[in-house]
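Colleague: Please find input_33.cif (mmCIF, C-alpha atoms) on the next line:
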data_final
loop_
_atom_site.group_PDB
_atom_site.id
_atom_site.type_symbol
_atom_site.label_atom_id
_atom_site.label_comp_id
_atom_site.auth_asym_id
_atom_site.auth_seq_id
_atom_site.Cartn_x
_atom_site.Cartn_y
_atom_site.Cartn_z
ATOM 1 C CA MET A 1 -7.238 -84.105 -19.081
ATOM 2 C CA ASN A 2 -4.102 -82.864 -17.386
ATOM 3 C CA THR A 3 -2.919 -79.299 -17.700
ATOM 4 C CA SER A 4 0.586 -79.876 -19.047
ATOM 5 C CA THR A 5 1.386 -77.702 -22.048
ATOM 6 C CA ILE A 6 4.387 -76.174 -23.709
ATOM 7 C CA LYS A 7 5.184 -72.494 -23.488
ATOM 8 C CA SER A 8 5.471 -70.563 -26.699
ATOM 9 C CA PRO A 9 8.993 -69.370 -27.442
ATOM 10 C CA SER A 10 7.670 -65.891 -28.230
ATOM 11 C CA SER A 11 7.929 -62.935 -25.913
ATOM 12 C CA GLY A 12 4.211 -62.190 -26.214
ATOM 13 C CA LEU A 13 1.880 -59.868 -28.032
ATOM 14 C CA HIS A 14 4.022 -56.752 -27.661
ATOM 15 C CA ALA A 15 6.453 -58.395 -30.105
ATOM 16 C CA LEU A 16 3.805 -58.552 -32.852
ATOM 17 C CA SER A 17 3.801 -56.045 -35.645
ATOM 18 C CA ARG A 18 0.659 -54.071 -36.421
ATOM 19 C CA ARG A 19 0.225 -56.172 -39.570
ATOM 20 C CA GLU A 20 0.413 -59.404 -37.559
ATOM 21 C CA ARG A 21 -2.129 -58.131 -34.991
ATOM 22 C CA ILE A 22 -4.536 -57.179 -37.804
ATOM 23 C CA ALA A 23 -4.041 -60.568 -39.491
ATOM 24 C CA ARG A 24 -4.772 -62.355 -36.218
ATOM 25 C CA PHE A 25 -7.926 -60.281 -35.673
ATOM 26 C CA LEU A 26 -9.191 -60.937 -39.217
ATOM 27 C CA GLU A 27 -8.455 -64.645 -38.973
ATOM 28 C CA GLN A 28 -10.323 -64.975 -35.676
ATOM 29 C CA THR A 29 -13.270 -62.888 -36.923
ATOM 30 C CA LEU A 30 -13.615 -64.920 -40.127
ATOM 31 C CA ASP A 31 -13.400 -68.189 -38.194
ATOM 32 C CA ARG A 32 -16.133 -67.039 -35.848
ATOM 33 C CA ARG A 33 -18.455 -65.622 -38.529
ATOM 34 C CA LEU A 34 -17.989 -68.276 -41.212
ATOM 35 C CA GLY A 35 -17.570 -71.318 -38.964
ATOM 36 C CA ARG A 36 -21.113 -72.647 -39.446
ATOM 37 C CA PHE A 37 -20.863 -72.206 -43.219
ATOM 38 C CA PHE A 38 -17.624 -74.214 -43.391
ATOM 39 C CA VAL A 39 -19.035 -76.951 -41.142
ATOM 40 C CA ALA A 40 -22.100 -77.203 -43.418
ATOM 41 C CA LEU A 41 -19.904 -77.274 -46.528
ATOM 42 C CA TYR A 42 -17.716 -79.994 -45.002
ATOM 43 C CA ARG A 43 -20.786 -82.085 -44.181
ATOM 44 C CA LEU A 44 -22.306 -81.500 -47.617
ATOM 45 C CA THR A 45 -19.145 -82.730 -49.351
ATOM 46 C CA GLY A 46 -18.378 -85.510 -46.877
ATOM 47 C CA GLY A 47 -15.158 -83.691 -46.037
ATOM 48 C CA ARG A 48 -13.813 -83.797 -49.579
ATOM 49 C CA ILE A 49 -13.666 -79.993 -49.722
ATOM 50 C CA ALA A 50 -10.772 -80.059 -47.227
ATOM 51 C CA ARG A 51 -8.695 -82.210 -49.580
ATOM 52 C CA LEU A 52 -8.502 -79.253 -51.991
ATOM 53 C CA TYR A 53 -6.239 -77.594 -49.437
ATOM 54 C CA GLY A 54 -4.157 -80.690 -48.675
ATOM 55 C CA LYS A 55 -5.106 -80.601 -44.999
ATOM 56 C CA ASP A 56 -6.622 -83.196 -42.697
ATOM 57 C CA VAL A 57 -9.720 -81.559 -41.251
ATOM 58 C CA LEU A 58 -12.437 -82.787 -38.907
ATOM 59 C CA ILE A 59 -15.597 -81.537 -37.293
ATOM 60 C CA LEU A 60 -15.453 -81.565 -33.499
ATOM 61 C CA THR A 61 -18.716 -81.494 -31.553
ATOM 62 C CA THR A 62 -18.467 -80.809 -27.824
ATOM 63 C CA ARG A 63 -20.985 -80.053 -25.094
ATOM 64 C CA GLY A 64 -20.870 -76.418 -23.945
ATOM 65 C CA ARG A 65 -19.525 -76.302 -20.395
ATOM 66 C CA ARG A 66 -22.001 -73.621 -19.310
ATOM 67 C CA SER A 67 -24.882 -73.865 -21.791
ATOM 68 C CA GLY A 68 -24.937 -77.648 -22.154
ATOM 69 C CA GLN A 69 -25.630 -77.117 -25.858
ATOM 70 C CA GLU A 70 -23.711 -78.831 -28.643
ATOM 71 C CA ARG A 71 -20.868 -76.733 -30.030
ATOM 72 C CA THR A 72 -19.337 -77.578 -33.390
ATOM 73 C CA VAL A 73 -16.053 -76.407 -34.918
ATOM 74 C CA LEU A 74 -13.926 -77.320 -37.898
ATOM 75 C CA LEU A 75 -10.300 -78.112 -36.987
ATOM 76 C CA GLN A 76 -7.162 -79.230 -38.738
ATOM 77 C CA PHE A 77 -5.826 -82.432 -37.207
ATOM 78 C CA PHE A 78 -2.674 -84.512 -37.205
ATOM 79 C CA TRP A 79 -2.464 -88.295 -37.131
ATOM 80 C CA ASP A 80 -0.744 -89.976 -34.205
ATOM 81 C CA GLY A 81 -1.025 -93.618 -35.227
ATOM 82 C CA PRO A 82 -4.748 -94.460 -35.168
ATOM 83 C CA GLN A 83 -5.405 -91.465 -32.937
ATOM 84 C CA ILE A 84 -5.833 -87.806 -33.779
ATOM 85 C CA VAL A 85 -4.173 -84.712 -32.312
ATOM 86 C CA VAL A 86 -5.687 -81.221 -32.503
ATOM 87 C CA VAL A 87 -4.051 -77.923 -31.597
ATOM 88 C CA ALA A 88 -5.753 -75.435 -29.257
ATOM 89 C CA ALA A 89 -4.086 -72.490 -31.014
ATOM 90 C CA ASN A 90 -7.100 -70.147 -31.189
ATOM 91 C CA SER A 91 -5.329 -68.111 -33.897
ATOM 92 C CA GLY A 92 -2.605 -67.244 -31.391
ATOM 93 C CA LEU A 93 -4.947 -65.314 -29.094
ATOM 94 C CA SER A 94 -4.136 -65.007 -25.398
ATOM 95 C CA SER A 95 -6.848 -67.500 -24.345
ATOM 96 C CA HIS A 96 -7.531 -71.092 -25.268
ATOM 97 C CA PRO A 97 -10.414 -71.769 -27.676
ATOM 98 C CA GLY A 98 -13.873 -72.524 -26.276
ATOM 99 C CA TRP A 99 -13.799 -76.117 -27.498
ATOM 100 C CA PHE A 100 -10.710 -76.748 -25.346
ATOM 101 C CA TYR A 101 -12.505 -75.574 -22.191
ATOM 102 C CA ASN A 102 -15.532 -77.662 -23.171
ATOM 103 C CA LEU A 103 -13.342 -80.771 -23.461
ATOM 104 C CA LYS A 104 -11.731 -80.056 -20.091
ATOM 105 C CA ALA A 105 -15.215 -79.973 -18.530
ATOM 106 C CA THR A 106 -16.531 -82.980 -20.496
ATOM 107 C CA PRO A 107 -13.765 -84.963 -22.217
ATOM 108 C CA THR A 108 -16.139 -86.964 -24.406
ATOM 109 C CA ALA A 109 -17.034 -85.636 -27.842
ATOM 110 C CA GLN A 110 -17.972 -86.602 -31.377
ATOM 111 C CA ILE A 111 -15.839 -86.066 -34.452
ATOM 112 C CA GLN A 112 -16.525 -86.391 -38.135
ATOM 113 C CA VAL A 113 -13.555 -87.239 -40.349
ATOM 114 C CA MET A 114 -14.639 -87.161 -43.977
ATOM 115 C CA ASP A 115 -18.001 -88.987 -43.880
ATOM 116 C CA ARG A 116 -17.199 -91.093 -40.790
ATOM 117 C CA ARG A 117 -18.478 -90.125 -37.327
ATOM 118 C CA LEU A 118 -16.769 -91.339 -34.160
ATOM 119 C CA GLN A 119 -17.171 -90.943 -30.416
ATOM 120 C CA VAL A 120 -13.878 -89.874 -28.830
ATOM 121 C CA ARG A 121 -12.309 -89.190 -25.458
ATOM 122 C CA ALA A 122 -10.033 -86.158 -25.208
ATOM 123 C CA GLU A 123 -6.653 -86.370 -23.475
ATOM 124 C CA GLU A 124 -4.361 -83.376 -23.170
ATOM 125 C CA LEU A 125 -0.788 -84.274 -24.101
ATOM 126 C CA SER A 126 1.879 -84.023 -21.412
ATOM 127 C CA ALA A 127 4.607 -81.388 -21.716
ATOM 128 C CA ASP A 128 7.076 -84.013 -23.011
ATOM 129 C CA GLU A 129 4.575 -85.284 -25.580
ATOM 130 C CA VAL A 130 3.846 -81.723 -26.716
ATOM 131 C CA THR A 131 7.550 -80.991 -27.149
ATOM 132 C CA ALA A 132 7.997 -84.181 -29.186
ATOM 133 C CA PHE A 133 4.869 -83.618 -31.316
ATOM 134 C CA TRP A 134 5.320 -79.945 -32.336
ATOM 135 C CA PRO A 135 7.953 -80.705 -34.999
ATOM 136 C CA ARG A 136 5.455 -83.063 -36.684
ATOM 137 C CA ILE A 137 2.833 -80.323 -36.704
ATOM 138 C CA LEU A 138 5.219 -77.721 -38.087
ATOM 139 C CA ASP A 139 6.523 -80.139 -40.714
ATOM 140 C CA ARG A 140 3.002 -80.875 -41.981
ATOM 141 C CA SER A 141 1.635 -77.358 -41.495
ATOM 142 C CA PRO A 142 4.327 -74.661 -41.123
ATOM 143 C CA ASP A 143 1.669 -71.952 -40.770
ATOM 144 C CA TYR A 144 1.220 -73.028 -37.123
ATOM 145 C CA ALA A 145 4.541 -71.307 -36.375
ATOM 146 C CA ARG A 146 2.748 -67.974 -36.606
ATOM 147 C CA TYR A 147 0.437 -68.995 -33.745
ATOM 148 C CA LEU A 148 3.464 -69.740 -31.585
ATOM 149 C CA ARG A 149 4.851 -66.290 -32.449
ATOM 150 C CA ARG A 150 1.555 -64.553 -31.694
ATOM 151 C CA THR A 151 1.140 -65.662 -28.096
ATOM 152 C CA SER A 152 3.114 -66.198 -24.931
ATOM 153 C CA ARG A 153 0.579 -68.706 -23.554
ATOM 154 C CA ALA A 154 1.172 -72.412 -23.668
ATOM 155 C CA ILE A 155 -0.679 -73.905 -26.660
ATOM 156 C CA PRO A 156 -2.174 -77.246 -25.637
ATOM 157 C CA LEU A 157 -2.321 -80.292 -27.883
ATOM 158 C CA VAL A 158 -5.232 -82.681 -27.419
ATOM 159 C CA ARG A 159 -5.346 -86.329 -28.468
ATOM 160 C CA LEU A 160 -8.785 -87.580 -29.529
ATOM 161 C CA VAL A 161 -8.971 -91.281 -28.779
ATOM 162 C CA PRO A 162 -11.811 -93.187 -30.490
ATOM 163 C CA TYR A 163 -13.972 -95.356 -28.268
ATOM 164 C CA CYS A 164 -13.755 -99.046 -29.104
ATOM 165 C CA SER A 165 -17.075 -100.346 -30.357
#
Step by step, read the file and then write its structure as structure tokens.

Modeller:
Amino acid sequence: MNTSTIKSPSSGLHALSRRERIARFLEQTLDRRLGRFFVALYRLTGGRIARLYGKDVLILTTRGRRSGQERTVLLQFFWDGPQIVVVAANSGLSSHPGWFYNLKATPTAQIQVMDRRLQVRAEELSADEVTAFWPRILDRSPDYARYLRRTSRAIPLVRLVPYCS
């Protein structure tokens, strides 16, 4: 994966209100503490639970870059033709999410979309591709704008390309 990303238009964390900082903290804490529960619920329902919220959601399983253990997260995704794009927003925190670093170390992973499992190769989008793709993300899921406001770091977009079988 290359390291091209787009910079957030925000001026950084000092621009966040107290309410926004608390919301970001709660969001990150809930994601971390309830992540396994939501992954299990997704698997139990074959992904149908995500349809209640009108979002496209997948399970991403990576290999931990230090531990070597499987790491699993639930992520919203966006279609790019037959391929999938995920956003390394990490709730607008100042660092990229762990799964992003895992994919940089080992760009092969497994995803589950609804009840279908696929092997994928991760490719970080170039700066031009990121710039062109953000409007599609914000159109489909305007709540991602708050992640751009919350951080001054570049938020990478990653394309998950299925292996041909």

Colleague: Point out the residue among A:Lys104, A:Arg140, A:Arg21, A:Arg159 with the least atom-to-atom distance to Gln83 (chain A), counting only C-alpha atoms.

Modeller: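 Looking only at the distances to Gln83 (chain A), the closest residue turns out to be A:Arg159.
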
Colleague: To one decimal in Å, tell me the separation between CA of Ser126 (chain A) and CA of Val85 (chain A).

Modeller: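 So the answer is 12.5 Å.
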
Colleague: Between A:Ser141, A:Asn90, A:Thr61, A:Ser67, which is the closest to Ile111 (chain A) once you count only C-alpha atoms?

Modeller: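 Ranked by minimum distance to Ile111 (chain A), first place goes to A:Thr61.
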
Colleague: Between A:Ala132, A:Ala23, A:Val113, A:Val73, single out the one closest to Leu58 (chain A), counting all atoms listed in the file.

Modeller: A:Val113

Colleague: Please indicate the distance in Å from CA of Leu52 (chain A) to CA of Val86 (chain A), rounded to one decimal place.

Modeller: 19.8 Å

Colleague: So which residues are close to (-20.3, -82.1, -27.1), meaning at most 8 Å away in the file's coordinates with only C-alpha atoms counted, and can you show them as a ChimeraX atom specification?

Modeller: /A:61-64,69-72,102-103,106,108-110

Colleague: Skip region 46-49 of chain A itself and residues of its chain fewer than 6 positions away, then list as an MDAnalysis selection string all residues within 12 Å of it, counting all atoms listed in the file.

Modeller: chainID A and resid 38:40 55:59 74:76 111:117

Colleague: Spell out the residues picked by the PyMOL selection byres ((chain A and resi 130) around 12) here, as a PDB file with C-alpha atoms, in the coordinates of the input.

Modeller:
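Printed below is selection.pdb as written:
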ATOM      1  CA  THR A   3      -2.919 -79.299 -17.700  1.00  0.00           C
ATOM      2  CA  SER A   4       0.586 -79.876 -19.047  1.00  0.00           C
ATOM      3  CA  THR A   5       1.386 -77.702 -22.048  1.00  0.00           C
ATOM      4  CA  ILE A   6       4.387 -76.174 -23.709  1.00  0.00           C
ATOM      5  CA  LYS A   7       5.184 -72.494 -23.488  1.00  0.00           C
ATOM      6  CA  SER A   8       5.471 -70.563 -26.699  1.00  0.00           C
ATOM      7  CA  VAL A  85      -4.173 -84.712 -32.312  1.00  0.00           C
ATOM      8  CA  VAL A  86      -5.687 -81.221 -32.503  1.00  0.00           C
ATOM      9  CA  VAL A  87      -4.051 -77.923 -31.597  1.00  0.00           C
ATOM     10  CA  ALA A  88      -5.753 -75.435 -29.257  1.00  0.00           C
ATOM     11  CA  GLU A 123      -6.653 -86.370 -23.475  1.00  0.00           C
ATOM     12  CA  GLU A 124      -4.361 -83.376 -23.170  1.00  0.00           C
ATOM     13  CA  LEU A 125      -0.788 -84.274 -24.101  1.00  0.00           C
ATOM     14  CA  SER A 126       1.879 -84.023 -21.412  1.00  0.00           C
ATOM     15  CA  ALA A 127       4.607 -81.388 -21.716  1.00  0.00           C
ATOM     16  CA  ASP A 128       7.076 -84.013 -23.011  1.00  0.00           C
ATOM     17  CA  GLU A 129       4.575 -85.284 -25.580  1.00  0.00           C
ATOM     18  CA  THR A 131       7.550 -80.991 -27.149  1.00  0.00           C
ATOM     19  CA  ALA A 132       7.997 -84.181 -29.186  1.00  0.00           C
ATOM     20  CA  PHE A 133       4.869 -83.618 -31.316  1.00  0.00           C
ATOM     21  CA  TRP A 134       5.320 -79.945 -32.336  1.00  0.00           C
ATOM     22  CA  PRO A 135       7.953 -80.705 -34.999  1.00  0.00           C
ATOM     23  CA  ARG A 136       5.455 -83.063 -36.684  1.00  0.00           C
ATOM     24  CA  ILE A 137       2.833 -80.323 -36.704  1.00  0.00           C
ATOM     25  CA  ALA A 154       1.172 -72.412 -23.668  1.00  0.00           C
ATOM     26  CA  ILE A 155      -0.679 -73.905 -26.660  1.00  0.00           C
ATOM     27  CA  PRO A 156      -2.174 -77.246 -25.637  1.00  0.00           C
ATOM     28  CA  LEU A 157      -2.321 -80.292 -27.883  1.00  0.00           C
ATOM     29  CA  VAL A 158      -5.232 -82.681 -27.419  1.00  0.00           C
ATOM     30  CA  ARG A 159      -5.346 -86.329 -28.468  1.00  0.00           C
TER      31      ARG A 159
END
